[in-house]
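Each remark here refers to the structure printed beneath this line.
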Amino acid sequence: MVGDSIFVAMSVLLFTIIVLVGAFLAGLVGSLTGLGGGVIIIPLLTLGLGVDIHYAIGASIISVIATSSGSAAAYVKEGITNIRIGMFLEVATTISAIIGAIVTVYINPSYIAVIFGLILLFSAAMMVRKKVDHSDNDTSGKLAVFFKLNGTYPTENGVKKYAVHNVIGGFLMMFVAGTISGLLGIGSGALKVIAMDNIMRIPFKVSTTTSNFMMGVTAAASAIVYLHRGQIDPGIAMPVTVGVLLGATIGSKILVKTKTDKLKVVFAIVVTFLAIQMIYNGLSGRL
Amino acid sequence: MIKESKNFFADKDIQVILGTLLRVGVISSMTVVFIGGLIYLFFNYANVVDYGKFDSGKSGLASVGAIFEGLKTMDGAAIIQFGTLLLIFTPVARVVFSVFSFLIERDYLYVLIGLMVLSIILYSLSDKLVG
């Protein structure tokens, strides 16, 4: 195959430059659209450069931490993180992320590619879907009161209160999100949105930033497992870290000033295309 | 009402400190990775990449101990991995910081929950998890 021969002949320098550029774009678009960098990094490395998916997963988890930490500066300005909600749900996401990260090497890479493609399709749909804020201030949930999850956030008309609903449902959904995150090395932001916005009915201002806070911590848990297994290779991690961090930092500066609706639609189409590629290559056993 | 708005401002202060913490973590990690990357590229730029098949022992830098060992000889790859470790521990530092802020607020339930999250992460540091 032509693709294979190009890959075999590639020098470290060329590989570094290609991944650096790709990671920069991933970080930029990732922080603009709220979709993690892994969505671009994994297809780039596996489909584009013939890298084994286990290395790609290790590189991707690094990009998730980089996007989360790199774009946090902008998020701090935009909304208010509810550290209690984040910390409470992290119990679920860290345990499940570690489980996912342990299990992932025992799964056939083809299956991983297919699962990844399906999650990509789902994320693309979630990105363009109209978001509905379900939040209210009905503080009758006993668990939410016990764990002090209800909170306030500033609006133009003063401080607004909100209540958290269905704590158990949200916790379980976070367990699923964490497992997927550990299996695939992605942030699974789309699943976290389901848990926080739809099940727990947390207002956007709070859920976006809180989810970003959790993303980094969850990814750190599985990243350590990947590191021990040798899935984080310095030759790939270097361009990914530098590229994504630069991209995410610049992206978060643009984010404050621009509307990103159109960009989201364009990106959703790109992601859908990548998803189909991943599923196709997974099913035909090429990955 | 007064109590709530007070809490809100305390949270705001914490956010600012957290933001600084993140920035320091991110910048130092990127600097270290960049320096390591230059050294790594200087010695390896003409080599041919080989990531086609996953091999867990290939890099030889798969533990914190091995990374620090490599740092002594200024090995580029080890410096990159050290920078990666800094990046990984940036969100973990955020958790540690939150535990302290819960301690100051005397919210012992959340001190406990925070410590639980930390011990889960630290548990993943043990090599036993990787088969």
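In the structure tokens, chains take letters A, B, ... by order of appearance, with residues numbered from 1 within each chain and ligands from 1 in the order shown.
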TODO: With a cut-off of 7 Å and counting only C-alpha atoms, select all residues of chain B in contact with chain A and give the selection as a VMD selection string.
DONE: chain B and resid 15 19 22 26 30 33 to 34 37 41 44 to 49 51 to 54 56 to 57 59 62 to 63 77 80 to 81 88 to 89 91 to 92 113 to 114 117 120 to 121 124 to 125 127 129 to 130
The selected residues should be written to file as a CSV table (one decimal), in the first residue's frame (atoms: N, CA and C atoms).
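The result, stored in again.csv:
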chain,number,residue,atom,x,y,z
B,15,GLN,N,-10.9,30.7,42.6
B,15,GLN,CA,-10.8,30.5,41.2
B,15,GLN,C,-9.6,31.2,40.6
B,19,GLY,N,-6.6,29.5,38.7
B,19,GLY,CA,-6.2,29.9,37.4
B,19,GLY,C,-4.7,30.1,37.3
B,22,LEU,N,-2.9,26.7,37.4
B,22,LEU,CA,-3.0,26.1,36.1
B,22,LEU,C,-2.0,26.6,35.1
B,26,VAL,N,1.0,24.7,33.3
B,26,VAL,CA,1.0,24.5,31.9
B,26,VAL,C,2.3,25.1,31.2
B,30,MET,N,5.2,23.0,29.4
B,30,MET,CA,5.5,23.2,28.0
B,30,MET,C,6.9,23.5,27.8
B,33,VAL,N,9.0,20.3,28.2
B,33,VAL,CA,8.8,19.4,27.0
B,33,VAL,C,9.5,20.0,25.8
B,34,PHE,N,9.5,21.3,25.6
B,34,PHE,CA,10.1,22.0,24.5
B,34,PHE,C,11.6,21.8,24.5
B,37,GLY,N,12.4,18.3,23.9
B,37,GLY,CA,12.2,18.1,22.5
B,37,GLY,C,13.3,18.5,21.6
B,41,LEU,N,15.3,16.0,19.4
B,41,LEU,CA,15.4,16.1,17.9
B,41,LEU,C,16.8,16.2,17.4
B,44,ASN,N,18.0,12.7,17.3
B,44,ASN,CA,17.2,11.7,16.6
B,44,ASN,C,16.6,12.1,15.3
B,45,TYR,N,16.8,13.4,14.9
B,45,TYR,CA,15.9,13.9,13.8
B,45,TYR,C,15.9,13.1,12.5
B,46,ALA,N,17.1,12.4,12.2
B,46,ALA,CA,17.2,11.7,11.0
B,46,ALA,C,16.7,10.2,11.1
B,47,ASN,N,16.5,9.8,12.3
B,47,ASN,CA,16.0,8.4,12.5
B,47,ASN,C,14.6,8.2,11.9
B,48,VAL,N,14.3,7.0,11.7
B,48,VAL,CA,13.0,6.7,11.1
B,48,VAL,C,12.0,6.3,12.2
B,49,VAL,N,10.8,6.9,12.1
B,49,VAL,CA,9.8,6.6,13.2
B,49,VAL,C,9.3,5.2,13.0
B,51,TYR,N,6.1,3.5,14.9
B,51,TYR,CA,5.1,3.4,15.9
B,51,TYR,C,4.0,2.5,15.4
B,52,GLY,N,4.3,1.7,14.4
B,52,GLY,CA,3.3,0.8,13.7
B,52,GLY,C,2.7,-0.3,14.6
B,53,LYS,N,3.6,-0.7,15.6
B,53,LYS,CA,3.1,-1.8,16.4
B,53,LYS,C,3.4,-1.4,17.9
B,54,PHE,N,2.4,-1.5,18.7
B,54,PHE,CA,2.6,-1.1,20.1
B,54,PHE,C,3.5,-2.1,20.9
B,56,SER,N,5.2,-2.2,24.7
B,56,SER,CA,5.2,-1.5,25.9
B,56,SER,C,6.6,-1.2,26.5
B,57,GLY,N,7.6,-1.9,26.1
B,57,GLY,CA,8.9,-1.7,26.6
B,57,GLY,C,9.8,-0.8,25.8
B,59,SER,N,10.1,2.6,24.9
B,59,SER,CA,10.7,3.8,25.3
B,59,SER,C,11.5,3.7,26.5
B,62,ALA,N,8.8,4.2,31.3
B,62,ALA,CA,7.4,3.9,31.7
B,62,ALA,C,7.1,3.9,33.2
B,63,SER,N,8.0,4.6,33.9
B,63,SER,CA,7.8,4.8,35.3
B,63,SER,C,8.4,6.0,35.8
B,77,ALA,N,14.5,12.4,25.7
B,77,ALA,CA,13.3,11.7,25.8
B,77,ALA,C,12.8,11.7,27.3
B,80,ILE,N,11.4,15.1,28.1
B,80,ILE,CA,10.0,15.2,27.6
B,80,ILE,C,9.0,14.5,28.5
B,81,GLN,N,9.4,13.3,28.9
B,81,GLN,CA,8.5,12.6,29.8
B,81,GLN,C,8.3,13.3,31.1
B,88,ILE,N,0.5,16.1,33.6
B,88,ILE,CA,-0.4,15.2,34.3
B,88,ILE,C,-0.7,15.6,35.7
B,89,PHE,N,0.3,16.1,36.4
B,89,PHE,CA,0.1,16.5,37.8
B,89,PHE,C,-0.5,17.9,38.0
B,91,PRO,N,-3.6,19.1,36.9
B,91,PRO,CA,-4.9,18.9,37.5
B,91,PRO,C,-4.9,18.3,38.9
B,92,VAL,N,-4.0,17.4,39.1
B,92,VAL,CA,-3.9,16.7,40.4
B,92,VAL,C,-3.6,17.8,41.5
B,113,ILE,N,-14.0,13.6,50.7
B,113,ILE,CA,-14.3,13.3,49.2
B,113,ILE,C,-13.0,13.6,48.4
B,114,GLY,N,-12.5,14.8,48.7
B,114,GLY,CA,-11.2,15.2,47.9
B,114,GLY,C,-10.1,14.2,48.2
B,117,VAL,N,-10.6,11.1,46.1
B,117,VAL,CA,-10.2,11.3,44.7
B,117,VAL,C,-8.7,11.2,44.6
B,120,ILE,N,-7.5,7.7,44.9
B,120,ILE,CA,-7.7,6.9,43.7
B,120,ILE,C,-6.6,7.2,42.7
B,121,ILE,N,-6.3,8.4,42.5
B,121,ILE,CA,-5.3,8.8,41.5
B,121,ILE,C,-3.9,8.3,41.9
B,124,SER,N,-3.4,4.7,41.2
B,124,SER,CA,-3.1,4.4,39.8
B,124,SER,C,-1.6,4.5,39.6
B,125,LEU,N,-0.9,5.1,40.5
B,125,LEU,CA,0.6,5.2,40.4
B,125,LEU,C,1.3,3.9,40.7
B,127,ASP,N,2.4,0.2,40.1
B,127,ASP,CA,2.7,-0.5,38.8
B,127,ASP,C,1.7,-1.7,38.7
B,129,LEU,N,-1.3,-2.2,38.6
B,129,LEU,CA,-2.5,-2.1,37.8
B,129,LEU,C,-2.2,-2.5,36.3
B,130,VAL,N,-1.0,-2.4,35.9
B,130,VAL,CA,-0.7,-2.7,34.5
B,130,VAL,C,-0.2,-4.1,34.3
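Secondary structure by DSSP on the backbone puts the following residues of segment 133-171 of chain A in alpha helix (DSSP H): Lys142, Leu143, Ala144, Val145, Phe146, Val167, Ile168, Gly169, Gly170 and Phe171 of chain A.
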TODO: Quick one: pull the distance between atom CA of Leu86 of chain B and atom CA of Ser29 of chain B, Å, one decimal.
DONE: 5.3 Å
TODO: Would you mind telling me which residue in A:Val167, A:Leu25, A:Leu184, A:Met127 lies nearest to Val266 of chain A when using only C-alpha atoms?
DONE: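 Nearest candidate to Val266 of chain A out of A:Val167, A:Leu25, A:Leu184, A:Met127: A:Met127.
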Neighbour list for Ile39 of chain B as a CSV table (one decimal) with C-alpha atoms, in the first residue's frame, cut-off 7 Å, only C-alpha atoms, skip fewer than 4 positions in-chain:
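Output contents, as saved in part12.csv:
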chain,number,residue,atom,x,y,z
B,35,ILE,CA,13.7,21.9,25.8
B,43,PHE,CA,20.1,13.5,18.4
B,76,GLY,CA,16.0,14.3,25.7
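Minimum atom-to-atom distances from A:Ser135, A:Thr33, A:Asn281, A:Thr179 to Ser207 of chain A were compared using only C-alpha atoms, and the lowest value belongs to A:Ser135.
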Task: Atomic separation - atom CA of Tyr162 of chain A relative to atom CA of Asn137 of chain A, Å - done: 4.6 Å
Residues near Ser123 of chain A, cut-off 12 Å, only C-alpha atoms, skip fewer than 4 positions along chain, as a PDB file with C-alpha atoms, in the first residue's frame:
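Below you can see selection_26.pdb, which holds the result:
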ATOM      1  CA  THR A  33     -15.871  24.187  20.032  1.00  0.00           C
ATOM      2  CA  GLY A  34     -15.564  22.592  23.451  1.00  0.00           C
ATOM      3  CA  LEU A  35     -14.684  19.239  21.952  1.00  0.00           C
ATOM      4  CA  GLY A  36     -11.470  17.749  23.327  1.00  0.00           C
ATOM      5  CA  GLY A  38      -8.392  13.688  21.193  1.00  0.00           C
ATOM      6  CA  VAL A  39     -11.127  13.739  18.589  1.00  0.00           C
ATOM      7  CA  PHE A 116     -14.268   5.554  19.108  1.00  0.00           C
ATOM      8  CA  GLY A 117     -16.083   6.238  15.825  1.00  0.00           C
ATOM      9  CA  LEU A 118     -19.485   5.816  17.476  1.00  0.00           C
ATOM     10  CA  ILE A 119     -18.558   8.199  20.306  1.00  0.00           C
ATOM     11  CA  MET A 127     -22.250  19.695  19.423  1.00  0.00           C
ATOM     12  CA  VAL A 128     -24.756  21.055  16.887  1.00  0.00           C
ATOM     13  CA  ARG A 129     -27.857  20.199  18.903  1.00  0.00           C
ATOM     14  CA  ILE A 186     -10.636  11.063  25.249  1.00  0.00           C
ATOM     15  CA  GLY A 187     -12.317  13.582  27.554  1.00  0.00           C
ATOM     16  CA  SER A 188     -15.848  12.277  26.794  1.00  0.00           C
ATOM     17  CA  GLY A 189     -17.173  15.800  27.194  1.00  0.00           C
ATOM     18  CA  ALA A 190     -20.386  14.914  25.333  1.00  0.00           C
ATOM     19  CA  LEU A 191     -21.294  12.258  27.909  1.00  0.00           C
ATOM     20  CA  LYS A 192     -20.461  14.617  30.751  1.00  0.00           C
ATOM     21  CA  VAL A 193     -22.822  17.166  29.230  1.00  0.00           C
ATOM     22  CA  ILE A 194     -25.615  14.559  29.252  1.00  0.00           C
ATOM     23  CA  LYS A 264     -19.294  24.087  15.316  1.00  0.00           C
ATOM     24  CA  VAL A 265     -21.327  22.996  12.285  1.00  0.00           C
ATOM     25  CA  PHE A 267     -16.358  20.908  12.779  1.00  0.00           C
ATOM     26  CA  ALA A 268     -19.295  18.541  13.277  1.00  0.00           C
ATOM     27  CA  ILE A 269     -19.116  17.615   9.576  1.00  0.00           C
ATOM     28  CA  VAL A 270     -15.362  16.995   9.798  1.00  0.00           C
ATOM     29  CA  VAL A 271     -15.832  14.889  12.930  1.00  0.00           C
ATOM     30  CA  THR A 272     -18.612  12.858  11.277  1.00  0.00           C
ATOM     31  CA  LEU A 274     -13.485  11.060  10.709  1.00  0.00           C
ATOM     32  CA  ALA A 275     -15.947   8.898  12.645  1.00  0.00           C
TER      33      ALA A 275
END
TODO: Please measure the separation of atom CA of Val244 of chain A and atom CA of Gly83 of chain B, giving the value in Å to one decimal.
DONE: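 Computing the Euclidean distance for atom CA of Val244 of chain A and atom CA of Gly83 of chain B yields 14.0 Å.
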Task: DSSP strand (DSSP E or B) selection over segment 154-210 of chain A, as a ChimeraX atom specification - done: /A:154-155,158-162
Could you save those same residues with C-alpha atoms as a JSON list (two decimals), in the first residue's frame?
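What follows is the written file again_36.json:
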[["chain", "number", "residue", "atom", "x", "y", "z"],
["A", 154, "PRO", "CA", -23.57, 35.55, 39.00],
["A", 155, "THR", "CA", -25.84, 36.93, 36.25],
["A", 158, "GLY", "CA", -27.54, 39.55, 40.43],
["A", 159, "VAL", "CA", -26.70, 36.19, 41.96],
["A", 160, "LYS", "CA", -28.91, 33.33, 40.77],
["A", 161, "LYS", "CA", -29.52, 30.14, 42.74],
["A", 162, "TYR", "CA", -29.77, 26.69, 41.19]]
